[in-house]
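Following: one structure in structure tokens, then a few remarks.
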Amino acid sequence: MRRVKKVKQQIQQHWGLWLTLIVIVLGLIGVGLTRVNAGLYQQTVAKVTRVQAIDRHATTDEFNNKDVTATQWVTVTVLNNRHQGRSYRIKNTYTKSQAMDQDYRVGNQVFLRIPSQKAAAITIQGLKRDTTLAFVAWLTIALLLLIMRFSGLMAFLSVALNAVLFYAAIQIDLATNGGHVYTLFGILAVIFAVLTLWLVLGFSRKMLVTLGATMAGTGLAVVISLIVFAVTHERGVTYEAMQYVTQVPKPLFLVETILGSLGAVMDESTDIVASLFQLKEERPDIAPNQVFKSGLQIGHSIMGPLINVLFLIFMADTFSMTLLYLRNGNNWGYTFTMNMSLGMVQSLISGIGIVLAIPVASWLASRLMPREVTSA
């Protein structure tokens, strides 16, 4: 019986390796095909064939920000649509900072705007970046399959399905003009958690314990934040910073908070529960109270790094806009209020969820863990 199981595992590994290689090779071919897929676009696509520098001079604005402005002639050849094969010479002005513009180089593929009026100027609307995006996606999938094999495939599948669900939820929200935003994204958060944990962990007691800890930790964090908002009358929460939102900003802010906290709490709960199940497998006679204490110790070890990861993500997300605010004469107080305060509040709520998830996950694992845990 043991020999049959060993042979079965070898066959699965063999086919898994060949499947991984096939996916990687096909993905690499797909990346290469993005260089010749101009015919699939409705927009006019052109290739830069020649670049000639014209002018270059330094500039300084009223806030003493220094930059360099350059002008170049860009010769392009159209690759699709009714103008295919034609060449155009276009003047492009860009700055060294490239905050609102960019320079072009030979070999770049760009999108063109060719107006119907002959007197109107032909303009470059931006780079065609599908090759870069396809390469990054291929590299991510290849590494997942090479390092994690089937687990990596399930992780990628969960991300892809969640992206599809998120897109569908946004379309429903737009169609209903945000009338059911709490219900819609609340259900979506539950589906996210169930689908992700089911694909990554499989339907098992471990998955159910992790799901319970994730839902409880996230829910408690949101309830506590709502109580604090009610007591403080939301002073310091600057919803007006969401200046481009065409719906009521408060519901969208809370939805963002729920989804962000869900990911952090799920990550921590998975680590704690998986470690406790492994501990139970190695020590079947361990008492529930010892499992609970071990879960607290594990949580204390990963809580600090996880909260710092959230803070670093928050800092990276606001870094460029913070510099833009400060370099244009705004003080730190206004910059924080308009650019960083909402993200900081969301990080704090996620931090509350992370802290609460530790005892919740530890207690659920200690009470719901079976007496005997198999390696499966």
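Labels used: A, B, ... for chains in the order of the structure tokens, numbers from 1 for residues in each chain, and numbers from 1 for ligands as shown.
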| field | Selection: 8 Å around range 173-185 of chain A, only C-alpha atoms, excl. self and same-chain fewer than 4 positions, as a count of residues only | value | 6
| said: To one decimal place in Å, what is the distance between CA of Ser275 in chain A and CA of Val223 in chain A? | reply: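 Atom-to-atom, CA of Ser275 in chain A and CA of Val223 in chain A are spaced 28.1 Å apart.
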| message | Let's see if you can do this: from backbone DSSP, list all strand (DSSP E or B) residues in range 18-200 of chain A, as a ChimeraX atom specification. | response | /A:44-60,66-78,87-95,109-113,123-127
Find the residues of range 306-348 of chain A that sit at most 8 Å from range 225-242 of chain A; for each, write down the nearest two atoms and how far apart they are in Å, to one decimal. Count only C-alpha atoms. Sort by chain, then by number going up, and give it as JSON lines.
```
{"residue": "A:Thr337", "atom": "CA", "partner": "A:Thr238", "partner_atom": "CA", "distance": 6.8}
{"residue": "A:Met338", "atom": "CA", "partner": "A:Ala241", "partner_atom": "CA", "distance": 4.9}
{"residue": "A:Asn339", "atom": "CA", "partner": "A:Ala241", "partner_atom": "CA", "distance": 6.8}
{"residue": "A:Ser341", "atom": "CA", "partner": "A:Val237", "partner_atom": "CA", "distance": 7.1}
{"residue": "A:Leu342", "atom": "CA", "partner": "A:Val237", "partner_atom": "CA", "distance": 6.5}
{"residue": "A:Val345", "atom": "CA", "partner": "A:Val237", "partner_atom": "CA", "distance": 7.8}
```
With N, CA and C atoms retained, export the selected residues as an mmCIF file, in the first residue's frame.
```
data_model
loop_
_atom_site.group_PDB
_atom_site.id
_atom_site.type_symbol
_atom_site.label_atom_id
_atom_site.label_comp_id
_atom_site.auth_asym_id
_atom_site.auth_seq_id
_atom_site.Cartn_x
_atom_site.Cartn_y
_atom_site.Cartn_z
ATOM 1 N N THR A 337 -3.345 65.864 6.351
ATOM 2 C CA THR A 337 -4.807 65.854 6.374
ATOM 3 C C THR A 337 -5.389 65.421 5.039
ATOM 4 N N MET A 338 -4.878 65.963 3.951
ATOM 5 C CA MET A 338 -5.464 65.742 2.639
ATOM 6 C C MET A 338 -4.923 64.507 1.925
ATOM 7 N N ASN A 339 -3.805 63.973 2.401
ATOM 8 C CA ASN A 339 -3.176 62.895 1.635
ATOM 9 C C ASN A 339 -2.915 61.635 2.452
ATOM 10 N N SER A 341 -4.208 61.113 6.089
ATOM 11 C CA SER A 341 -5.008 60.845 7.289
ATOM 12 C C SER A 341 -5.933 59.647 7.114
ATOM 13 N N LEU A 342 -6.621 59.546 5.972
ATOM 14 C CA LEU A 342 -7.539 58.422 5.769
ATOM 15 C C LEU A 342 -6.793 57.093 5.729
ATOM 16 N N VAL A 345 -5.892 56.118 9.262
ATOM 17 C CA VAL A 345 -7.047 55.572 9.985
ATOM 18 C C VAL A 345 -7.301 54.126 9.561
#
```
